[in-house]
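Colleague: Sharing a structure, written as structure tokens. Questions coming.
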Amino acid sequence: MRPHRLLATLGALALTCSLAACSDEPQPIIEATPSTGPTSDPPPSPTPTATPVPDEPESAKEFIRRWQKEALAMQVSGDSTAYRKLTRNCGGCDAFADNVDRIYGDGGSIEIAASRVRAVSLVGRADGVSIVEFDVISSPTIVRDSTGSVAQELSGGRTRFQANIAQPDDTWRVLRISELV
């Protein structure tokens, strides 16, 4: 896969996934106890009692969304540290992060346009590795050099990826990323 296409698609996917992480679920509203008559002090506000909810393990699909969010953050900031912590011996991931490091190290920047994820699906498991496929429709992305000039324009489009991920230490890691044809 061409590194510039991977950069555009992963970055655009990161933006989409971070936006998809928002929830429209209503938040609980706690109303004050009604007053029964005039008093000099307002009635005390009730203190909500929360029932602890055990942490649910992150699913493979949720991890892909989080990983893409870090890919976007890396491209926006030029800092690949958090993104690299989510990978392990992943050649494609390392090449992608190295490319972002090079762009920013040379004084450039990356402008990422919106994209959308068409599908994220767990397609198999083997020897503790989960195989996830996802489609991305990405918008154009611009890479600028140190003078602010356009160094590269990426057209975007539809791309299908497959990632191998595993949980070697109670947290997911990307082991391999490939573009599917």
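All residue names refer to the structure tokens as shown: chains lettered A, B, ... in order, residues numbered from 1 in each chain, ligands numbered from 1 in order.
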May I have the residues within 12 Å of stretch 100-108 of chain A as an MDAnalysis selection string, using only C-alpha atoms and disregarding those fewer than 2 positions away in the same chain?
Modeller: chainID A and resid 3:4 6:8 10:11 71:81 83:84 93:98 110:111 142:152
Colleague: Please, what distance in Å, to one decimal, runs between atom CA of A:Ile131 and atom CA of A:Ala60?
Modeller: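 Atom-to-atom, atom CA of A:Ile131 to atom CA of A:Ala60, that is 8.8 Å.
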Colleague: Got a sec: who's within 6 Å of A:Val132, counting only C-alpha atoms, leaving out chain neighbours fewer than 6 positions off, as an NGL selection string?
Modeller: :A and (121-123 or 162-163)
Colleague: So how far away is atom CA of A:Ser130 from atom CA of A:Ser178, in Å?
Modeller: 14.0 Å
Colleague: What does the structure give for the distance between atom CA of A:Thr171 and atom CA of A:Thr159, in Å to one decimal?
Modeller: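 Taking atom CA of A:Thr171 as the start and atom CA of A:Thr159 as the end point, the length is 26.6 Å.
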Colleague: Quick one: residues within 12 Å of A:Gln167, only C-alpha atoms counted, chain neighbours fewer than 3 positions away excluded, as a list in words?
Modeller: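 In the requested format, the answer is Pro57, Glu58, Ser59, Ala60, Phe63, Leu86, Thr87, Arg88, Asp127, Gly128, Val129, Ser130, Asn164, Asp170, Thr171, Trp172, Arg173, Val174 and Leu175 of chain A.
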Colleague: With all heavy atoms kept, could you save the residues just selected as a short mmCIF file (atom, residue, chain, number, x, y, z; two decimals), in the first residue's frame?
Modeller:
```
data_model
loop_
_atom_site.label_atom_id
_atom_site.label_comp_id
_atom_site.auth_asym_id
_atom_site.auth_seq_id
_atom_site.Cartn_x
_atom_site.Cartn_y
_atom_site.Cartn_z
N PRO A 57 -14.98 -4.94 29.45
CA PRO A 57 -13.79 -4.95 28.60
C PRO A 57 -14.09 -4.29 27.25
O PRO A 57 -15.21 -4.36 26.74
CB PRO A 57 -13.49 -6.44 28.43
CG PRO A 57 -14.67 -7.18 28.92
CD PRO A 57 -15.48 -6.25 29.75
N GLU A 58 -13.09 -3.65 26.71
CA GLU A 58 -13.21 -2.99 25.42
C GLU A 58 -13.32 -4.04 24.32
O GLU A 58 -12.54 -4.98 24.26
CB GLU A 58 -11.98 -2.11 25.20
CG GLU A 58 -11.98 -1.34 23.91
CD GLU A 58 -10.75 -0.46 23.78
OE1 GLU A 58 -9.63 -0.94 24.06
OE2 GLU A 58 -10.92 0.70 23.39
N SER A 59 -14.29 -3.87 23.44
CA SER A 59 -14.44 -4.81 22.33
C SER A 59 -13.42 -4.49 21.24
O SER A 59 -12.83 -3.40 21.21
CB SER A 59 -15.85 -4.72 21.75
OG SER A 59 -16.01 -3.51 21.02
N ALA A 60 -13.25 -5.43 20.34
CA ALA A 60 -12.34 -5.23 19.21
C ALA A 60 -12.79 -4.03 18.37
O ALA A 60 -11.98 -3.21 17.95
CB ALA A 60 -12.28 -6.50 18.35
N PHE A 63 -12.00 -0.84 20.15
CA PHE A 63 -10.56 -0.57 20.07
C PHE A 63 -10.19 0.04 18.73
O PHE A 63 -9.42 1.00 18.67
CB PHE A 63 -9.73 -1.83 20.31
CG PHE A 63 -8.28 -1.60 19.98
CD1 PHE A 63 -7.49 -0.83 20.81
CD2 PHE A 63 -7.72 -2.12 18.82
CE1 PHE A 63 -6.15 -0.58 20.49
CE2 PHE A 63 -6.40 -1.88 18.50
CZ PHE A 63 -5.62 -1.11 19.34
N LEU A 86 -0.35 1.81 20.97
CA LEU A 86 -1.47 0.95 20.62
C LEU A 86 -1.11 -0.08 19.55
O LEU A 86 -1.97 -0.78 19.05
CB LEU A 86 -2.66 1.80 20.14
CG LEU A 86 -3.22 2.77 21.17
CD1 LEU A 86 -4.36 3.59 20.56
CD2 LEU A 86 -3.68 2.04 22.42
N THR A 87 0.17 -0.16 19.21
CA THR A 87 0.63 -1.11 18.20
C THR A 87 1.75 -1.96 18.78
O THR A 87 2.35 -1.62 19.80
CB THR A 87 1.14 -0.39 16.94
OG1 THR A 87 2.36 0.30 17.24
CG2 THR A 87 0.12 0.59 16.40
N ARG A 88 2.01 -3.08 18.11
CA ARG A 88 3.13 -3.93 18.52
C ARG A 88 3.69 -4.62 17.28
O ARG A 88 2.99 -5.41 16.64
CB ARG A 88 2.68 -4.97 19.54
CG ARG A 88 3.87 -5.76 20.13
CD ARG A 88 3.44 -6.77 21.13
NE ARG A 88 2.87 -7.90 20.38
CZ ARG A 88 2.35 -8.97 20.92
NH1 ARG A 88 2.27 -9.09 22.21
NH2 ARG A 88 1.86 -9.94 20.17
N ASP A 127 -5.58 -18.09 17.27
CA ASP A 127 -4.44 -18.04 18.19
C ASP A 127 -4.37 -16.74 18.98
O ASP A 127 -3.31 -16.12 19.10
CB ASP A 127 -3.12 -18.24 17.41
CG ASP A 127 -3.07 -19.58 16.71
OD1 ASP A 127 -3.57 -20.57 17.29
OD2 ASP A 127 -2.54 -19.65 15.58
N GLY A 128 -5.51 -16.28 19.51
CA GLY A 128 -5.54 -15.08 20.34
C GLY A 128 -5.51 -13.77 19.56
O GLY A 128 -5.45 -12.70 20.14
N VAL A 129 -5.58 -13.85 18.23
CA VAL A 129 -5.58 -12.66 17.38
C VAL A 129 -6.97 -12.49 16.79
O VAL A 129 -7.53 -13.44 16.24
CB VAL A 129 -4.53 -12.79 16.26
CG1 VAL A 129 -4.62 -11.61 15.29
CG2 VAL A 129 -3.12 -12.89 16.85
N SER A 130 -7.52 -11.30 16.91
CA SER A 130 -8.81 -10.98 16.29
C SER A 130 -8.55 -10.30 14.95
O SER A 130 -7.65 -9.47 14.84
CB SER A 130 -9.62 -10.04 17.19
OG SER A 130 -9.97 -10.70 18.39
N ASN A 164 -5.11 -7.02 12.18
CA ASN A 164 -4.97 -8.10 13.16
C ASN A 164 -4.66 -7.42 14.48
O ASN A 164 -3.72 -6.63 14.57
CB ASN A 164 -3.83 -9.04 12.80
CG ASN A 164 -4.13 -9.88 11.58
OD1 ASN A 164 -5.16 -9.73 10.95
ND2 ASN A 164 -3.22 -10.77 11.26
N ASP A 170 -3.82 -7.29 28.58
CA ASP A 170 -5.10 -6.71 28.98
C ASP A 170 -5.44 -5.42 28.25
O ASP A 170 -6.34 -4.69 28.66
CB ASP A 170 -5.16 -6.48 30.49
CG ASP A 170 -5.20 -7.78 31.26
OD1 ASP A 170 -5.68 -8.79 30.70
OD2 ASP A 170 -4.75 -7.81 32.41
N THR A 171 -4.74 -5.09 27.20
CA THR A 171 -5.12 -3.97 26.35
C THR A 171 -4.83 -4.37 24.91
O THR A 171 -3.90 -5.11 24.64
CB THR A 171 -4.37 -2.67 26.74
OG1 THR A 171 -4.92 -1.59 25.99
CG2 THR A 171 -2.89 -2.76 26.50
N TRP A 172 -5.68 -3.91 24.01
CA TRP A 172 -5.52 -4.27 22.61
C TRP A 172 -4.28 -3.63 22.00
O TRP A 172 -3.89 -2.54 22.39
CB TRP A 172 -6.75 -3.81 21.82
CG TRP A 172 -8.00 -4.55 22.11
CD1 TRP A 172 -9.03 -4.14 22.91
CD2 TRP A 172 -8.38 -5.82 21.59
NE1 TRP A 172 -10.02 -5.09 22.92
CE2 TRP A 172 -9.66 -6.13 22.11
CE3 TRP A 172 -7.78 -6.75 20.73
CZ2 TRP A 172 -10.34 -7.30 21.79
CZ3 TRP A 172 -8.45 -7.91 20.42
CH2 TRP A 172 -9.71 -8.18 20.95
N ARG A 173 -3.72 -4.28 21.00
CA ARG A 173 -2.61 -3.76 20.21
C ARG A 173 -2.84 -4.16 18.75
O ARG A 173 -3.29 -5.28 18.48
CB ARG A 173 -1.26 -4.36 20.64
CG ARG A 173 -0.89 -4.11 22.07
CD ARG A 173 -0.22 -2.75 22.23
NE ARG A 173 0.35 -2.60 23.55
CZ ARG A 173 -0.24 -2.04 24.57
NH1 ARG A 173 -1.46 -1.59 24.45
NH2 ARG A 173 0.35 -1.93 25.73
N VAL A 174 -2.52 -3.26 17.83
CA VAL A 174 -2.57 -3.61 16.41
C VAL A 174 -1.27 -4.30 16.05
O VAL A 174 -0.19 -3.78 16.32
CB VAL A 174 -2.76 -2.35 15.53
CG1 VAL A 174 -2.76 -2.73 14.05
CG2 VAL A 174 -4.06 -1.64 15.87
N LEU A 175 -1.39 -5.47 15.45
CA LEU A 175 -0.22 -6.25 15.05
C LEU A 175 0.07 -6.09 13.56
O LEU A 175 1.22 -6.24 13.13
CB LEU A 175 -0.43 -7.74 15.36
CG LEU A 175 -0.88 -8.07 16.78
CD1 LEU A 175 -1.14 -9.57 16.90
CD2 LEU A 175 0.15 -7.62 17.80
#
```
Colleague: For the structure I just gave you, how does DSSP split stretch 88-154 of chain A - specifically, which residues are strand (DSSP E or B)? Reply as a ChimeraX atom specification.
Modeller: /A:109-112,115-126,129-138,141-144,150-154
Colleague: Just the selected residues (N, CA, C and O atoms), exported as a compact mmCIF listing (two decimals), in the first residue's frame, please.
Modeller:
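The result, stored in selection-v2.txt:
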```txt
# COMPACT_ATOMS: atom_id res chain seq x y z
N SER A 109 2.88 20.04 8.09
CA SER A 109 1.65 19.77 8.83
C SER A 109 0.70 18.96 7.95
O SER A 109 0.92 18.82 6.75
N ILE A 110 -0.37 18.47 8.56
CA ILE A 110 -1.35 17.67 7.86
C ILE A 110 -2.74 18.25 8.13
O ILE A 110 -3.09 18.51 9.29
N GLU A 111 -3.50 18.46 7.07
CA GLU A 111 -4.89 18.91 7.17
C GLU A 111 -5.76 17.72 6.80
O GLU A 111 -5.67 17.21 5.68
N ILE A 112 -6.59 17.29 7.72
CA ILE A 112 -7.40 16.10 7.50
C ILE A 112 -8.86 16.50 7.33
O ILE A 112 -9.43 17.17 8.20
N SER A 115 -14.33 12.02 6.93
CA SER A 115 -14.57 10.76 6.24
C SER A 115 -15.59 9.97 7.04
O SER A 115 -16.00 10.39 8.10
N ARG A 116 -15.97 8.82 6.50
CA ARG A 116 -16.93 8.03 7.26
C ARG A 116 -16.57 6.56 7.15
O ARG A 116 -16.09 6.09 6.13
N VAL A 117 -16.81 5.86 8.24
CA VAL A 117 -16.57 4.43 8.31
C VAL A 117 -17.86 3.75 7.87
O VAL A 117 -18.92 4.01 8.41
N ARG A 118 -17.76 2.90 6.88
CA ARG A 118 -18.94 2.19 6.40
C ARG A 118 -19.22 0.96 7.21
O ARG A 118 -20.34 0.56 7.38
N ALA A 119 -18.19 0.32 7.71
CA ALA A 119 -18.41 -0.93 8.44
C ALA A 119 -17.17 -1.25 9.27
O ALA A 119 -16.06 -1.00 8.85
N VAL A 120 -17.41 -1.79 10.44
CA VAL A 120 -16.34 -2.37 11.25
C VAL A 120 -16.87 -3.73 11.67
O VAL A 120 -17.92 -3.82 12.31
N SER A 121 -16.19 -4.79 11.27
CA SER A 121 -16.69 -6.12 11.63
C SER A 121 -15.56 -7.05 12.02
O SER A 121 -14.48 -7.02 11.44
N LEU A 122 -15.84 -7.83 13.02
CA LEU A 122 -14.94 -8.88 13.47
C LEU A 122 -15.17 -10.06 12.54
O LEU A 122 -16.27 -10.60 12.48
N VAL A 123 -14.14 -10.45 11.77
CA VAL A 123 -14.33 -11.50 10.77
C VAL A 123 -13.71 -12.83 11.18
O VAL A 123 -13.94 -13.83 10.51
N GLY A 124 -12.94 -12.85 12.25
CA GLY A 124 -12.37 -14.11 12.69
C GLY A 124 -11.43 -13.96 13.87
O GLY A 124 -11.09 -12.84 14.27
N ARG A 125 -11.06 -15.11 14.40
CA ARG A 125 -10.09 -15.17 15.51
C ARG A 125 -9.21 -16.39 15.27
O ARG A 125 -9.69 -17.44 14.86
N ALA A 126 -7.93 -16.23 15.58
CA ALA A 126 -7.01 -17.36 15.47
C ALA A 126 -5.84 -17.12 16.42
O ALA A 126 -5.22 -16.05 16.39
N VAL A 129 -5.58 -13.85 18.23
CA VAL A 129 -5.58 -12.66 17.38
C VAL A 129 -6.97 -12.49 16.79
O VAL A 129 -7.53 -13.44 16.24
N SER A 130 -7.52 -11.30 16.91
CA SER A 130 -8.81 -10.98 16.29
C SER A 130 -8.55 -10.30 14.95
O SER A 130 -7.65 -9.47 14.84
N ILE A 131 -9.34 -10.66 13.97
CA ILE A 131 -9.21 -10.09 12.63
C ILE A 131 -10.41 -9.19 12.39
O ILE A 131 -11.56 -9.65 12.45
N VAL A 132 -10.14 -7.92 12.15
CA VAL A 132 -11.18 -6.91 11.98
C VAL A 132 -11.05 -6.30 10.60
O VAL A 132 -9.95 -5.96 10.17
N GLU A 133 -12.18 -6.17 9.90
CA GLU A 133 -12.19 -5.48 8.61
C GLU A 133 -13.08 -4.25 8.72
O GLU A 133 -14.08 -4.27 9.44
N PHE A 134 -12.70 -3.20 8.00
CA PHE A 134 -13.50 -1.98 8.01
C PHE A 134 -13.32 -1.23 6.70
O PHE A 134 -12.26 -1.26 6.10
N ASP A 135 -14.41 -0.62 6.24
CA ASP A 135 -14.41 0.21 5.04
C ASP A 135 -14.37 1.67 5.46
O ASP A 135 -14.99 2.05 6.45
N VAL A 136 -13.67 2.46 4.66
CA VAL A 136 -13.56 3.89 4.94
C VAL A 136 -13.83 4.65 3.66
O VAL A 136 -13.31 4.30 2.60
N ILE A 137 -14.67 5.67 3.75
CA ILE A 137 -14.83 6.63 2.66
C ILE A 137 -14.15 7.90 3.16
O ILE A 137 -14.59 8.50 4.13
N SER A 138 -13.04 8.25 2.54
CA SER A 138 -12.27 9.40 3.03
C SER A 138 -12.36 10.57 2.07
O SER A 138 -12.47 10.40 0.87
N THR A 141 -7.18 14.98 1.71
CA THR A 141 -6.29 15.38 2.80
C THR A 141 -5.12 16.14 2.18
O THR A 141 -4.66 15.80 1.09
N ILE A 142 -4.64 17.16 2.88
CA ILE A 142 -3.53 17.97 2.37
C ILE A 142 -2.35 17.88 3.33
O ILE A 142 -2.51 18.05 4.54
N VAL A 143 -1.18 17.64 2.77
CA VAL A 143 0.08 17.66 3.52
C VAL A 143 0.81 18.93 3.10
O VAL A 143 1.01 19.18 1.91
N ARG A 144 1.17 19.74 4.09
CA ARG A 144 1.88 21.00 3.81
C ARG A 144 3.33 20.90 4.26
O ARG A 144 3.63 20.24 5.25
N VAL A 150 1.47 23.43 -0.34
CA VAL A 150 0.95 22.08 -0.47
C VAL A 150 2.05 21.18 -1.02
O VAL A 150 2.55 21.40 -2.13
N ALA A 151 2.43 20.19 -0.23
CA ALA A 151 3.45 19.23 -0.64
C ALA A 151 2.81 18.01 -1.29
O ALA A 151 3.40 17.36 -2.16
N GLN A 152 1.58 17.70 -0.84
CA GLN A 152 0.90 16.51 -1.36
C GLN A 152 -0.59 16.68 -1.13
O GLN A 152 -1.03 17.14 -0.07
N GLU A 153 -1.36 16.32 -2.13
CA GLU A 153 -2.82 16.30 -2.01
C GLU A 153 -3.26 14.87 -2.21
O GLU A 153 -2.89 14.23 -3.19
N LEU A 154 -4.04 14.38 -1.27
CA LEU A 154 -4.53 13.00 -1.32
C LEU A 154 -6.02 13.06 -1.63
O LEU A 154 -6.78 13.72 -0.93
```
